[in-house]
Amino acid sequence: MSIVEHLPALQVAVPLLAAPLCAMMIRPSIAWPFAVLASWITFAISVALMDQVLTHGTIVYNMGGWSPPWGISYVIDPLNALLLLLVSGMAAIIMPGVRLGIGVEVTFRAQRLFFTVALLSLTGMLGIVITGDAFNLYVFLEISSLSSYALVAMGADRRASKAAFNYLIQGTIGATFILIGIGLVYMMTGTLNMADMADRLTDLHGSATIQAAFAFILVGAGIKFAMFPAHAWMPNAYTYAPSLVSAFFGATATKVGAYILIRFIYNVFGAEFAFDEMHVGWVLIPLGLAGAFVGSLVAIWQDDLKRMLAYSSVAQIGYVAAAIGLGNHDGLIAAIVHVFNHGLMKGALFLVMACVILRLGKADMTSFRGLGKRMPVTMGCFVVAGLSMIGVPFTVGFISKWYLILGALDAGMWPVAVLIVMSSLLSIIYIWRVVEVAYFSDPPDDVKVQEAPAMLLVPTLILTVLCIAFGVATKITVGVAGLAATSLGVYP
Amino acid sequence: MSEHLIVRIVSKMLIPFILLFALYVQMHGDYGPGGGFQAGVIFATAFIIYAIVFGVKRTIRVLPLTVVTAMVSLGLILYAMVGFVSLAAGGTFLDYGALDSHDPVHGQHLGIIIIELGVGITVAGVLTAVFYTFAERWQK
């Protein structure tokens, strides 16, 4: 067997092995390049997997040689190949900047543990996305969640501990709900393999146990996904976590929750059960739109810009939830593409915050005064990623909103389309506030501010360029999302 | 609690047997009840009892924090290495059967013992580390 056939296992095994090796390294100066190398290898593997999926179709890998449904199998179709690419790509882009970025926020002694926990978190997220086994998904969910709590708690602000504790309580409730849901399905079907579950569930429509299981998984994934009104853990966690952790989580953690939701609704339970029997659209669309409005409105009034971005995430997640709830081909494409695109732009915006915090110590409205002149490249990135957040043409934000509106019109819900456009207008306000302060007010004379160092600026620039690149060349994102929607059984 | 004669003597007598029992549970996990997790917990219990009776400072002299954190990593590395070795031997990841090319059943046996050993080392390390963290904070 060649190494290519083992890529699905290596995708998870490489960061999993790299994490304890990082912890063994006494000097943080070695741990950092090692973690960067591990994240790059992981990214290369996910690129290779994406290539394999596109040329040969779905890959199934049997762990330990036990064939499904008895053993754990890793199943990679276009949907999780795209998510693997997003998660590992974000890690590969952000990890090189971590050394400088956390230098001011995490003590030197704790840095090797920081890399260890970051790699474990990466392992967990990749595992959730790649696995074809429902219980294995829960195990990886716990790996990624527990390490996320630790990463949030490493923030310099003392409130980070409280934010991490809140995150722990709510995250554990979410994970427990998912576990109860999986347990109920296991009770009824006697299998944990997702494909096998999906087969057996077709005979069980109308069962109250399965309905309860669906509700549990929906709520559990909703909490992990920070879907309104279960988003309460997110603003504090993202505000007080070290900025690069916010960038990584803002781009990936909630996206993995969206993946769980899509996988269970469309694949395991099946669209027919979810939409005709459980009417999940009537849960997801109103809550998604409410989240879009509440998130944007609250974001407008925030002084701390990391908190503003966190509330903006609540709004963007609202779009994804509404798109999942539409249940048609364009809607599902919008959900998958927006998961990817929002990852790019939120990653870029949080990295801008990391640059500003590195130079100024904090990222509130006053520290942004006159930054347009002092840190032109950083602020340029903010403007581009901000425009993308609004959904201006030729940016990624436009593409996903375009498909979202197409999906809403296709479902015959034109008020939904109108509400989406209206809530997008709100995002103009909170992005413009920052742009106005940065470009049209004079910088304070007493502080000298330089442009951010290249090690942080380059990742920010890469993500910003990608915001434009994937907005112009949509073949990769929309093409793969279309394949994913078709493979989930939602045809145009 | 070291001023209590009975507690001191009884715990000194029991601790070796607790450690031995942990190893028994570890090694018989593949056939009987037990396994790496349970063994790790029992193993850590021996040190925790020692710390409660004789104080955390003396325990740390026996089992320093650096050793404990190394145990946490080593167990996981051992586990993952079994996966990589089985890959190198031509099987899929964690396919223990590939560990012994002549007798796959023997390979399965070997694989599960090493995996459980890794689990045991990590669990013992984590539980001791958690105990140290709380105990030290309380002493300050």
# chains A, B, ... in the order shown; residues from 1 in each chain; ligands from 1
$ residues_around --residues "Met27 (chain B)" --least-positions-apart "3" --cutoff "10 Å" --atoms "only C-alpha atoms" --output "MDAnalysis selection string"
chainID B and resid 21:24 30:32 34:36 39 113:114 116:117
$ write_last_selection --atoms "N, CA and C atoms" --output "compact mmCIF listing (two decimals), in the first residue's frame"
# COMPACT_ATOMS: atom_id res chain seq x y z
N PHE B 21 -1.51 -3.91 42.15
CA PHE B 21 -2.85 -4.18 41.61
C PHE B 21 -3.07 -3.39 40.31
N ALA B 22 -2.53 -2.15 40.30
CA ALA B 22 -2.65 -1.35 39.08
C ALA B 22 -1.99 -2.07 37.91
N LEU B 23 -0.79 -2.62 38.17
CA LEU B 23 -0.09 -3.34 37.09
C LEU B 23 -0.87 -4.58 36.67
N TYR B 24 -1.50 -5.25 37.67
CA TYR B 24 -2.30 -6.43 37.36
C TYR B 24 -3.47 -6.06 36.44
N ASP B 30 -6.74 -7.07 28.65
CA ASP B 30 -7.19 -7.61 27.36
C ASP B 30 -8.04 -8.86 27.54
N TYR B 31 -7.88 -9.59 28.66
CA TYR B 31 -8.69 -10.80 28.86
C TYR B 31 -9.80 -10.59 29.90
N GLY B 32 -9.44 -9.96 31.01
CA GLY B 32 -10.41 -9.80 32.10
C GLY B 32 -10.88 -8.37 32.19
N GLY B 34 -10.87 -4.60 33.23
CA GLY B 34 -9.75 -3.69 33.47
C GLY B 34 -9.27 -3.08 32.19
N GLY B 35 -8.04 -2.65 32.19
CA GLY B 35 -7.48 -1.99 31.01
C GLY B 35 -6.69 -0.76 31.41
N GLY B 36 -6.23 -0.05 30.41
CA GLY B 36 -5.32 1.07 30.65
C GLY B 36 -5.91 2.17 31.50
N ALA B 39 -6.32 1.04 35.16
CA ALA B 39 -5.00 0.86 35.76
C ALA B 39 -4.35 2.20 36.04
N ILE B 113 -1.92 -4.64 23.96
CA ILE B 113 -1.18 -4.46 25.22
C ILE B 113 -0.42 -3.14 25.21
N ILE B 114 0.25 -2.82 24.07
CA ILE B 114 1.03 -1.58 24.02
C ILE B 114 0.10 -0.37 24.06
N GLU B 116 -2.86 -0.17 25.43
CA GLU B 116 -3.39 0.00 26.79
C GLU B 116 -2.32 0.54 27.73
N LEU B 117 -1.08 0.14 27.48
CA LEU B 117 0.02 0.67 28.29
C LEU B 117 0.11 2.18 28.10
$ interface_residues --of "chain A" --to "chain B" --cutoff "9 Å" --atoms "only C-alpha atoms" --output "list in words"
Met1, Ser2, Ile3, Glu5, His6, Ala9, Leu10, Ala13, Leu16, Leu17, Ala18, Ala19, Pro20, Leu21, Cys22, Ala23, Met24, Tyr61, Asn62, Met63, Gly64, Gly65 and Trp66 of chain A
$ write_last_selection --atoms "C-alpha atoms" --output "mmCIF file, in the first residue's frame"
data_model
loop_
_atom_site.group_PDB
_atom_site.id
_atom_site.type_symbol
_atom_site.label_atom_id
_atom_site.label_comp_id
_atom_site.auth_asym_id
_atom_site.auth_seq_id
_atom_site.Cartn_x
_atom_site.Cartn_y
_atom_site.Cartn_z
ATOM 1 C CA MET A 1 0.000 0.000 0.000
ATOM 2 C CA SER A 2 1.347 3.377 -0.850
ATOM 3 C CA ILE A 3 1.336 6.317 1.492
ATOM 4 C CA GLU A 5 -3.932 5.425 0.600
ATOM 5 C CA HIS A 6 -3.179 6.238 4.228
ATOM 6 C CA ALA A 9 -5.450 8.417 8.833
ATOM 7 C CA LEU A 10 -2.405 10.677 8.624
ATOM 8 C CA ALA A 13 -2.540 11.234 13.220
ATOM 9 C CA LEU A 16 -2.142 14.083 17.170
ATOM 10 C CA LEU A 17 1.461 12.853 17.364
ATOM 11 C CA ALA A 18 2.899 16.357 17.011
ATOM 12 C CA ALA A 19 0.965 17.597 20.066
ATOM 13 C CA PRO A 20 2.665 15.424 22.735
ATOM 14 C CA LEU A 21 6.029 15.861 20.993
ATOM 15 C CA CYS A 22 5.555 19.625 21.354
ATOM 16 C CA ALA A 23 4.835 19.196 25.051
ATOM 17 C CA MET A 24 8.092 17.281 25.476
ATOM 18 C CA TYR A 61 -10.621 4.333 5.048
ATOM 19 C CA ASN A 62 -10.990 1.535 7.578
ATOM 20 C CA MET A 63 -9.200 2.203 10.853
ATOM 21 C CA GLY A 64 -7.293 -0.829 12.116
ATOM 22 C CA GLY A 65 -8.456 -2.888 9.167
ATOM 23 C CA TRP A 66 -11.951 -3.403 10.603
#
$ atom_distance --atom1 "CA of Met125 (chain A)" --atom2 "CA of Ala150 (chain A)"
15.0 Å
$ residues_around --residues "Met154 (chain A)" --least-positions-apart "2" --cutoff "7 Å" --atoms "only C-alpha atoms" --output "list of chain:residue names"
A:Val106, A:Ala150, A:Leu151, A:Val152, A:Ala156, A:Ala241, A:Pro242
$ atom_distance --atom1 "CA of Arg112 (chain A)" --atom2 "CA of Ala253 (chain A)"
21.6 Å
